[in-house]
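As structure tokens, the structure follows; a few thoughts come after it.
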Amino acid sequence: MSTVSKKICLVGDFGVGKTSLIRRFVDRQFSDQYLSTVGVKISRKLINGSNQDSVKSPRLQLLIWDIEGSTKFKAIAPTYLQGARGAVIVADVTRLETLAHLSDHVQQFLSVNPQGVAIVALNKADLLDDEQLNQLLQTEWFVHHARILGMHTTSAKTGKDVDQIFETLAHRLV
């Protein structure tokens, strides 16, 4: 069985939970301790192909780039985004300013990777009730674009939709 490697990036403001989403997906772990990413951290995750015929379906190795969310870092970020086939654009549902920045992150990723695809993760959904989440979902937080695969409310703490966002992105890349 062949293995195909694809680079994806997690992009968003600082403290939105990019590192926690990766830890939940790759290591099946969660920690309440905040550790700021400095520069970039790369993780790997092997996913089986999407076809039922596993002989013909390649395995996919995701090279997941966790990119620092600092505003001082914006000039360097495009360099780290180069060559990515996909991105998870992350915001924190408890901080409206991170939601307002979603469009900027989407545009930055797609300007560097016009053939790439992205999925939006509204993270920390466990901190709001269903009514509050529904209100957030009614608001237009990002530019609608054919390259955006969708928007999900996620929680790295509970695991809500974490696998789904990565697997949706992965299957689109195969």
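Residues are named by chain letter and number: chains run A, B, ... in the order of the structure tokens, numbers start at 1 in each chain, and ligands are numbered from 1 in the order shown.
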Query raised in the report: Residues at most 10 Å from segment 100-106 of chain A, counting only C-alpha atoms, excluding those fewer than 2 positions away in the same chain, as a PyMOL selection string?
Result: chain A and resi 11-13+74+87-91+95-98+108-111+117-122+140-145+147-148
Query raised in the report: So which residues of chain A fall under alpha helix (DSSP H) by DSSP, listed as an MDAnalysis selection string?
Result: chainID A and resid 18:27 77:81 96:100 102:112 130:138 162:173
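The two atoms in question, atom CA of Val93 of chain A and atom CA of Asp66 of chain A, are spaced 19.3 Å apart.
Closest to Val112 of chain A among A:Arg172, A:Arg23, A:Asp92, A:Cys9 is A:Cys9, based on only C-alpha atoms.
Comparing the minimum interatomic distances between Leu81 of chain A and each of A:Ala125, A:Leu10, A:Leu60, A:Met151, counting only C-alpha atoms, we find that A:Leu10 sits nearest.
Among the candidate residues A:Leu137, A:Ile64, A:Leu173, A:Leu127, the one lying nearest to Gln115 of chain A is A:Leu173, with distances computed using only C-alpha atoms.
Atom CA of Gln82 of chain A sits 17.6 Å away from atom CA of Arg44 of chain A.
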Query raised in the report: Quick one: residues within 12 Å of Leu63 of chain A, only C-alpha atoms counted, chain neighbours fewer than 6 positions away excluded, as a list in words?
Result: Val4, Ser5, Lys6, Lys7, Ile8, Cys9, Leu10, Ile22, Val26, Val40, Lys41, Ile42, Ser43, Arg44, Lys45, Leu46, Ile47, Gly83, Ala84, Arg85, Gly86, Ala87, Phe166 and Ala170 of chain A
**Report entry** Between atom CA of Phe30 of chain A and atom CA of Val16 of chain A - distance in Å to one decimal
**Finding:** 14.0 Å
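If you measure from each of A:Thr139, A:Gln132, A:Arg24, A:Gly17 to Gly159 of chain A using only C-alpha atoms, the closest one turns out to be A:Arg24.
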Requested in this report: Run DSSP on the backbone of this structure and report the residues of segment 143-172 of chain A it assigns to strand (DSSP E or B), as a list in words.
Outcome: Ile148, Leu149, Gly150, Met151, His152 and Thr153 of chain A
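Using only C-alpha atoms, the shortest contact distance between Asn123 of chain A and any of A:Ser31, A:Thr3, A:Gln138, A:Thr153 is found at A:Thr153.
Nearest to His171 of chain A of all the residues A:Asn113, A:Ser20, A:Arg28, A:Leu149 is A:Leu149, counting only C-alpha atoms.
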